[in-house]
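Data file: query_39.txt. Format and content: compact mmCIF, C-alpha atoms.
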# COMPACT_ATOMS: atom_id res chain seq x y z
CA MET A 1 -9.03 -70.20 -51.33
CA SER A 2 -9.85 -72.97 -53.78
CA GLY A 3 -9.92 -73.98 -57.43
CA ALA A 4 -8.90 -76.68 -59.86
CA GLY A 5 -5.19 -76.18 -59.53
CA VAL A 6 -5.57 -72.38 -59.44
CA LYS A 7 -5.47 -70.55 -56.16
CA THR A 8 -8.31 -68.06 -55.87
CA TYR A 9 -9.02 -65.39 -53.28
CA THR A 10 -11.96 -63.37 -52.15
CA LYS A 11 -11.02 -59.72 -51.68
CA ASP A 12 -11.12 -60.17 -47.90
CA GLU A 13 -8.87 -63.25 -48.10
CA LEU A 14 -6.40 -61.37 -50.27
CA ILE A 15 -6.29 -58.46 -47.84
CA GLU A 16 -5.60 -60.87 -44.95
CA LYS A 17 -2.87 -62.62 -46.97
CA LEU A 18 -1.19 -59.29 -47.80
CA LYS A 19 -1.26 -58.41 -44.11
CA GLU A 20 0.38 -61.76 -43.30
CA ILE A 21 3.11 -61.12 -45.89
CA SER A 22 3.72 -57.66 -44.47
CA ALA A 23 4.01 -59.14 -40.96
CA MET A 24 6.71 -61.56 -42.22
CA GLY A 25 9.14 -58.62 -42.40
CA TRP A 26 12.11 -59.02 -44.72
CA VAL A 27 11.80 -61.73 -47.39
CA SER A 28 14.36 -62.74 -50.02
CA SER A 29 13.73 -61.97 -53.67
CA SER A 30 12.56 -65.10 -55.47
CA ARG A 31 13.93 -63.89 -58.82
CA SER A 32 17.22 -62.33 -59.88
CA GLY A 33 18.36 -59.62 -62.26
CA ASN A 34 14.90 -58.27 -62.90
CA ASN A 35 13.32 -54.87 -62.24
CA GLY A 36 10.05 -56.71 -61.69
CA ASN A 37 11.48 -58.66 -58.74
CA VAL A 38 9.36 -56.78 -56.24
CA GLY A 39 6.16 -57.85 -58.01
CA ASN A 40 7.36 -61.34 -58.96
CA THR A 41 8.32 -62.13 -55.35
CA LEU A 42 4.94 -60.94 -54.10
CA GLU A 43 3.18 -63.10 -56.71
CA ASP A 44 5.23 -66.10 -55.56
CA LEU A 45 4.29 -65.43 -51.92
CA LEU A 46 0.63 -65.27 -52.94
CA GLY A 47 0.93 -68.41 -55.06
CA ILE A 48 -0.24 -66.76 -58.28
CA THR A 49 1.39 -66.72 -61.70
CA GLU A 50 0.00 -63.55 -63.29
CA ASN A 51 -0.62 -60.07 -61.99
CA ASN A 52 -4.30 -60.49 -62.91
CA LEU A 53 -5.59 -61.51 -59.53
CA PRO A 54 -7.84 -64.60 -59.42
CA ILE A 55 -10.79 -63.05 -57.55
CA PRO A 56 -13.96 -64.78 -58.83
CA ASN A 57 -17.32 -63.05 -59.27
CA ALA A 58 -15.80 -59.56 -59.34
CA THR A 59 -14.54 -57.05 -61.86
CA GLU A 60 -10.97 -57.57 -62.98
CA TRP A 61 -8.26 -56.83 -60.41
CA GLU A 62 -4.57 -56.39 -60.89
CA LEU A 63 -1.63 -56.52 -58.51
CA LYS A 64 0.92 -53.71 -58.71
CA ALA A 65 4.04 -53.67 -56.55
CA GLN A 66 6.71 -50.98 -56.40
CA ARG A 67 9.86 -50.25 -54.46
CA MET A 68 9.69 -47.32 -52.07
CA ASN A 69 11.94 -44.31 -52.66
CA THR A 70 12.58 -44.96 -56.34
CA THR A 71 12.50 -42.32 -59.06
CA SER A 72 11.98 -44.64 -62.03
CA LEU A 73 8.89 -44.19 -64.19
CA THR A 74 6.27 -46.90 -64.66
CA THR A 75 5.05 -47.56 -68.21
CA LEU A 76 1.25 -47.53 -68.28
CA PHE A 77 0.76 -48.42 -71.94
CA HIS A 78 2.02 -47.90 -75.51
CA THR A 79 -0.01 -45.95 -78.06
CA GLU A 80 1.01 -43.99 -81.16
CA PRO A 81 -0.52 -40.54 -81.78
CA SER A 82 -3.28 -39.90 -84.30
CA PRO A 83 -3.81 -39.76 -87.19
CA LYS A 84 -1.86 -43.03 -87.16
CA ALA A 85 -1.62 -43.07 -90.98
CA ILE A 86 0.80 -40.11 -90.79
CA LYS A 87 3.31 -42.16 -88.75
CA PHE A 88 4.37 -39.10 -86.80
CA VAL A 89 7.49 -40.53 -85.18
CA PRO A 90 9.43 -41.45 -88.37
CA HIS A 91 7.90 -38.86 -90.71
CA LEU A 92 7.63 -35.77 -88.52
CA PHE A 93 9.74 -36.07 -85.38
CA LEU A 94 12.76 -37.98 -86.70
CA LYS A 95 12.81 -36.43 -90.17
CA LEU A 96 12.20 -32.79 -89.24
CA TYR A 97 13.00 -32.51 -85.51
CA GLY A 98 15.52 -35.31 -84.98
CA TRP A 99 19.18 -34.83 -84.07
CA LYS A 100 22.33 -36.82 -84.70
CA HIS A 101 22.38 -40.04 -82.68
CA LYS A 102 25.33 -40.24 -80.28
CA GLU A 103 26.29 -43.60 -81.84
CA ALA A 104 25.98 -42.35 -85.44
CA GLY A 105 28.99 -43.48 -87.43
CA LYS A 106 29.90 -45.99 -84.71
CA LYS A 107 27.22 -48.48 -83.72
CA TYR A 108 24.79 -47.07 -86.29
CA PRO A 109 25.11 -45.53 -89.79
CA ALA A 110 26.57 -42.03 -90.04
CA ASN A 111 23.17 -40.49 -90.82
CA GLU A 112 21.38 -42.13 -87.85
CA LYS A 113 19.05 -39.67 -86.10
CA SER A 114 17.51 -39.77 -82.64
CA PHE A 115 14.27 -38.43 -81.22
CA ARG A 116 14.07 -39.12 -77.49
CA GLN A 117 11.80 -36.90 -75.44
CA THR A 118 9.94 -37.53 -72.19
CA ILE A 119 7.44 -34.69 -71.90
CA HIS A 120 4.40 -33.65 -69.85
CA GLY A 121 1.95 -30.82 -69.41
CA LEU A 122 3.56 -28.82 -66.62
CA SER A 123 6.44 -27.25 -68.54
CA ALA A 124 8.22 -27.57 -71.88
CA SER A 125 11.26 -29.80 -72.36
CA ASP A 126 14.67 -28.28 -73.13
CA ARG A 127 13.85 -28.82 -76.82
CA GLY A 128 10.52 -26.98 -76.56
CA PHE A 129 8.05 -29.89 -76.52
CA ILE A 130 5.06 -30.02 -74.19
CA VAL A 131 1.80 -31.96 -73.80
CA LYS A 132 -1.36 -29.85 -74.03
CA ILE A 133 -4.94 -30.79 -73.24
CA ASP A 134 -7.76 -29.32 -75.33
CA ARG A 135 -10.94 -30.14 -73.45
CA LYS A 136 -13.14 -28.40 -76.03
CA GLU A 137 -11.78 -30.53 -78.90
CA LYS A 138 -11.31 -33.51 -76.54
CA LYS A 139 -7.70 -34.07 -77.50
CA VAL A 140 -4.34 -34.56 -75.80
CA LEU A 141 -1.87 -32.82 -78.13
CA ILE A 142 1.89 -32.56 -78.59
CA SER A 143 2.99 -28.95 -79.00
CA PHE A 144 6.28 -27.26 -79.94
CA ASP A 145 7.38 -23.82 -78.71
CA SER A 146 10.72 -22.71 -80.15
CA SER A 147 11.03 -19.94 -77.52
CA LYS A 148 11.40 -22.63 -74.83
CA VAL A 149 14.43 -24.31 -76.43
CA SER A 150 17.53 -24.08 -74.24
CA GLU A 151 20.76 -22.40 -75.35
CA THR A 152 22.53 -25.77 -75.55
CA HIS A 153 20.25 -26.78 -78.42
CA LYS A 154 20.49 -23.58 -80.53
CA SER A 155 22.38 -25.28 -83.38
CA TRP A 156 19.69 -27.98 -83.50
CA LEU A 157 17.01 -25.26 -83.53
CA ASN A 158 18.72 -23.62 -86.50
CA GLU A 159 18.50 -26.93 -88.38
CA VAL A 160 14.80 -27.22 -87.49
CA ASN A 161 14.28 -23.67 -88.76
CA LYS A 162 15.87 -24.55 -92.12
CA LYS A 163 13.76 -27.68 -92.53
CA VAL A 164 10.34 -26.61 -91.33
CA GLY A 165 10.43 -23.21 -89.60
CA LEU A 166 9.89 -22.45 -85.93
CA GLY A 167 6.09 -22.49 -85.78
CA GLU A 168 3.75 -25.02 -84.19
CA LEU A 169 3.85 -28.66 -85.29
CA ASN A 170 1.75 -29.04 -88.42
CA PRO A 171 -0.18 -31.26 -88.23
CA GLN A 172 -0.17 -31.70 -84.45
CA PRO A 173 0.03 -35.26 -83.13
CA TYR A 174 -2.85 -36.02 -80.78
CA TRP A 175 -4.82 -38.67 -78.91
CA GLY A 176 -8.61 -38.33 -78.85
CA PHE A 177 -10.15 -38.49 -75.39
CA ASP A 178 -12.36 -41.47 -76.26
CA ASP A 179 -9.50 -43.57 -77.66
CA LEU A 180 -7.18 -42.64 -74.81
CA ALA A 181 -9.82 -43.24 -72.12
CA ASN A 182 -10.51 -46.68 -73.60
CA LYS A 183 -6.80 -47.54 -73.74
CA ALA A 184 -6.15 -46.31 -70.20
CA GLY A 185 -9.32 -47.86 -68.79
CA THR A 186 -8.46 -51.33 -70.08
CA LYS A 187 -4.93 -51.10 -68.65
CA LEU A 188 -5.63 -49.32 -65.36
CA ILE A 189 -8.24 -51.63 -63.92
CA ASN A 190 -8.95 -51.94 -60.20
CA CYS A 191 -5.77 -52.86 -58.38
CA PHE A 192 -4.06 -53.66 -55.13
CA PHE A 193 -1.07 -51.31 -54.99
CA VAL A 194 1.68 -52.62 -52.70
CA LYS A 195 4.92 -50.85 -51.81
CA ALA A 196 8.04 -52.43 -50.37
CA GLU A 197 11.22 -51.26 -48.69
CA THR A 198 14.31 -52.90 -50.17
CA LYS A 199 17.83 -53.74 -49.10
CA THR A 200 20.58 -56.04 -50.35
CA GLU A 201 22.43 -58.60 -48.24
CA ASN A 202 25.06 -60.99 -49.65
CA SER A 203 24.08 -59.94 -53.19
CA VAL A 204 20.43 -60.91 -52.56
CA GLU A 205 17.70 -58.27 -52.69
CA LEU A 206 15.29 -58.35 -49.75
CA PHE A 207 11.80 -56.86 -49.58
CA HIS A 208 9.56 -55.74 -46.74
CA TYR A 209 6.04 -55.16 -48.07
CA LYS A 210 5.04 -52.28 -45.83
CA SER A 211 1.96 -50.64 -47.33
CA ALA A 212 -0.98 -51.55 -49.53
CA LEU A 213 -3.88 -49.65 -51.06
CA MET A 214 -7.01 -50.98 -52.71
CA LEU A 215 -7.69 -48.75 -55.73
CA LYS A 216 -11.07 -48.77 -57.47
CA LYS A 217 -12.80 -46.86 -60.31
CA PHE A 218 -10.21 -45.48 -62.72
CA SER A 219 -10.97 -41.81 -63.51
CA PHE A 220 -10.04 -40.37 -66.92
CA ASP A 221 -10.51 -36.84 -65.55
CA LYS A 222 -7.89 -37.60 -62.91
CA PHE A 223 -5.66 -39.09 -65.62
CA LEU A 224 -5.80 -35.77 -67.53
CA GLU A 225 -5.09 -33.83 -64.33
CA GLN A 226 -1.93 -35.88 -63.75
CA ILE A 227 -0.70 -35.06 -67.28
CA GLU A 228 -1.15 -31.36 -66.50
CA LYS A 229 0.63 -31.74 -63.16
CA GLY A 230 3.61 -33.45 -64.80
CA ASN A 231 3.04 -36.84 -63.15
CA ILE A 232 2.03 -38.63 -66.35
CA LEU A 233 4.57 -38.23 -69.15
CA VAL A 234 4.60 -39.04 -72.86
CA ASP A 235 7.80 -40.82 -73.83
CA PHE A 236 9.10 -40.83 -77.41
CA ASP A 237 12.07 -43.14 -77.94
CA ALA A 238 13.09 -43.51 -81.56
CA ARG A 239 16.07 -43.58 -83.85
CA THR A 240 16.21 -43.82 -87.62
CA GLY A 241 16.50 -47.60 -87.57
CA HIS A 242 13.93 -48.34 -84.88
CA ASN A 243 10.94 -46.81 -83.06
CA HIS A 244 10.71 -48.23 -79.55
CA GLY A 245 7.13 -47.02 -79.35
CA THR A 246 5.36 -44.08 -77.75
CA LYS A 247 4.55 -44.68 -74.09
CA PHE A 248 2.48 -43.02 -71.41
CA ARG A 249 4.49 -43.28 -68.19
CA LEU A 250 3.76 -42.49 -64.55
CA ARG A 251 5.89 -41.06 -61.75
CA GLN A 252 6.29 -43.32 -58.73
CA ASN A 253 3.68 -43.12 -55.97
CA CYS A 254 1.09 -41.49 -58.26
CA PHE A 255 -1.09 -44.56 -58.93
CA PRO A 256 -3.60 -43.60 -56.20
CA PHE A 257 -4.26 -40.25 -57.94
CA LEU A 258 -5.79 -42.07 -60.94
CA TYR A 259 -8.68 -43.65 -59.05
CA GLU A 260 -11.85 -42.36 -57.44
CA ASP A 261 -11.63 -44.72 -54.49
CA ALA A 262 -8.37 -45.41 -52.61
CA LYS A 263 -8.59 -47.46 -49.41
CA GLU A 264 -5.56 -48.04 -47.21
CA ILE A 265 -5.36 -51.72 -46.17
CA ILE A 266 -1.79 -51.83 -44.80
CA LYS A 267 -0.43 -48.63 -43.29
CA GLU A 268 3.26 -47.87 -43.71
Using structure tokens, write down the structure from this file.
Amino acid sequence: MSGAGVKTYTKDELIEKLKEISAMGWVSSSRSGNNGNVGNTLEDLLGITENNLPIPNATEWELKAQRMNTTSLTTLFHTEPSPKAIKFVPHLFLKLYGWKHKEAGKKYPANEKSFRQTIHGLSASDRGFIVKIDRKEKKVLISFDSSKVSETHKSWLNEVNKKVGLGELNPQPYWGFDDLANKAGTKLINCFFVKAETKTENSVELFHYKSALMLKKFSFDKFLEQIEKGNILVDFDARTGHNHGTKFRLRQNCFPFLYEDAKEIIKE
């Protein structure tokens, strides 16, 4: 490990250092009040400041750390659907398919609408939205099926029917394979994927970094498969006054499924 003020590692050195950290057992969080504590603490133990690992003379590597036994989703990246000029979230989803925001007339104006949906390709949401993959047209599409709307949302469905009818979204929001593969490929570079057990003592979170995988060669085909299996989700989070952005998010423990080569370097 060397460098002008920047600690660098060969891949072999990094693997040995991760094994040393795992052998330390429980270590105190070096940050507080942050969901990223598990990654920040590992970065501090490694002596690095960014999650882009300083491994010279190699393709880019990233460090990803997660807590074991958590159900939270990991945001992979933000990207709005095409054609972007239509501005689907404010003009289609909020205007025609939105519903009254729970804080309308309180925190927000009385006419504030919400459109919050986290959807995937395995089954439709309770409001009838699903992600579909058209391999012939090379598109990932958002689809609406009114027959899948739950009974609890029938009054909302009646409003949708009055505004636009109960047919398919027209036009359908989509992401072209090439654009999406480029976006995903630049975000999901080769990575060391480390998982930690957690516990809290005297109000301090402790971590034991118990397993690590070396993941190489992101696969867009595998990415599409995980959408269909419900492990990658598309998350819309908007209200009339603000669009928080459209995100592709991943279920915990599914990172290895996105790569062609997964090598276990620390066994749980």
Who sits within 12 Å of A:Asp178, all atoms listed in the file, same chain under 6 positions skipped, as a ChimeraX atom specification:
/A:135,137-140,184-185,220-221
Spatial neighbours of A:His242, max dist 10 Å, only C-alpha atoms, sep filter under 5 positions, as a PyMOL selection string
chain A and resi 90+114+237
Where does stretch 77-126 of chain A meet stretch 144-166 of chain A within 10 Å, residue by residue, with the nearest atom pair and distance in Å to one decimal for each, counting only C-alpha atoms, listed by chain and rising number, as a Markdown table?
| residue | atom | partner | partner_atom | distance |
| --- | --- | --- | --- | --- |
| A:Leu92 | CA | A:Val164 | CA | 10.0 |
| A:Lys95 | CA | A:Lys163 | CA | 9.1 |
| A:Leu96 | CA | A:Lys163 | CA | 6.3 |
| A:Tyr97 | CA | A:Val160 | CA | 5.9 |
| A:Gly98 | CA | A:Val160 | CA | 8.5 |
| A:Trp99 | CA | A:Trp156 | CA | 6.9 |
| A:Lys100 | CA | A:Trp156 | CA | 9.3 |
| A:Ser123 | CA | A:Lys148 | CA | 9.2 |
| A:Ala124 | CA | A:Lys148 | CA | 6.6 |
| A:Ser125 | CA | A:Val149 | CA | 7.5 |
| A:Asp126 | CA | A:Val149 | CA | 5.2 |
Write the residues of the selection above to a file with C-alpha atoms, as a CSV table (one decimal), in the coordinates of the input.
chain,number,residue,atom,x,y,z
A,92,LEU,CA,7.6,-35.8,-88.5
A,95,LYS,CA,12.8,-36.4,-90.2
A,96,LEU,CA,12.2,-32.8,-89.2
A,97,TYR,CA,13.0,-32.5,-85.5
A,98,GLY,CA,15.5,-35.3,-85.0
A,99,TRP,CA,19.2,-34.8,-84.1
A,100,LYS,CA,22.3,-36.8,-84.7
A,123,SER,CA,6.4,-27.2,-68.5
A,124,ALA,CA,8.2,-27.6,-71.9
A,125,SER,CA,11.3,-29.8,-72.4
A,126,ASP,CA,14.7,-28.3,-73.1
What does the distance from atom CA of A:Ala104 to atom CA of A:Gly245 come to in Å, to one decimal?
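Straight-line distance from atom CA of A:Ala104 to atom CA of A:Gly245 works out to 20.4 Å.
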Counting only C-alpha atoms, figure out which residue out of A:Arg127, A:Lys136, A:Lys247, A:Lys64 gets nearest to A:Pro81.
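That would be A:Lys247, the residue with the smallest distance to A:Pro81.
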Taking all atoms listed in the file into account, name the residue in A:Ile133, A:Ile55, A:Leu94, A:Gln226 that is nearest to A:Asp12.
A:Ile55
I'd like the neighbourhood of A:Lys263 as a list in words, where a residue qualifies if any of its atoms comes within 7 Å (using all atoms listed in the file), though same-chain residues fewer than 5 positions away should be ignored.
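Neighbouring residues, sequence-local ones excluded: Leu213, Met214 and Leu215 of chain A.
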Once you have the residues from the selection above, write them out as a compact mmCIF listing (two decimals), in the coordinates of the input, restricted to C-alpha atoms.
# COMPACT_ATOMS: atom_id res chain seq x y z
CA LEU A 213 -3.88 -49.65 -51.06
CA MET A 214 -7.01 -50.98 -52.71
CA LEU A 215 -7.69 -48.75 -55.73
Return the single residue from A:Gly36, A:Val89, A:Lys132, A:Thr8 that is closest to A:Arg116, with distances computed using only C-alpha atoms.
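Among the listed residues, the smallest separation from A:Arg116 belongs to A:Val89.
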Distance of atom CA of A:Ala212 from atom CA of A:Phe248, expressed in Å to one decimal place
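Atom CA of A:Ala212 lies 23.7 Å from atom CA of A:Phe248.
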Considering all atoms listed in the file, state which residue in the set A:Ala85, A:Ile130, A:Ala65, A:Leu42 is at the smallest distance from A:Glu20.
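Selected residue with least distance to A:Glu20: A:Leu42.
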Which residues come within 8 Å of stretch 191-196 of chain A, counting all atoms listed in the file, excluding same-chain residues fewer than 6 positions away, as a list in words?
Val38, Trp61, Glu62, Leu63, Lys64, Ala65, Gln66, Arg67, Met68, Phe207, His208, Tyr209, Lys210, Ser211, Ala212, Leu213, Met214, Leu215, Lys216 and Phe255 of chain A
Have a look at A:Leu46, A:Asp179, A:Asn37, A:Lys229 and name the one nearest to A:Leu18; count only C-alpha atoms.
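Residue with the minimum atom-to-atom distance to A:Leu18: A:Leu46.
Take the candidates A:Gln117, A:Asn243, A:Ser219, A:Ser72 and check each one against A:Thr186 using all atoms listed in the file; the shortest distance goes to A:Ser219.
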So the first atom is atom CA of A:Ile15 and the second is atom CA of A:Cys254; what is the distance between them in Å, to one decimal place?
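According to the coordinates, atom CA of A:Ile15 and atom CA of A:Cys254 are separated by 21.2 Å.
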Skipping near chain neighbours, those fewer than 2 positions away, what residues fall within 12 Å of A:Glu201 using all atoms listed in the file, listed as a count of residues only?
11
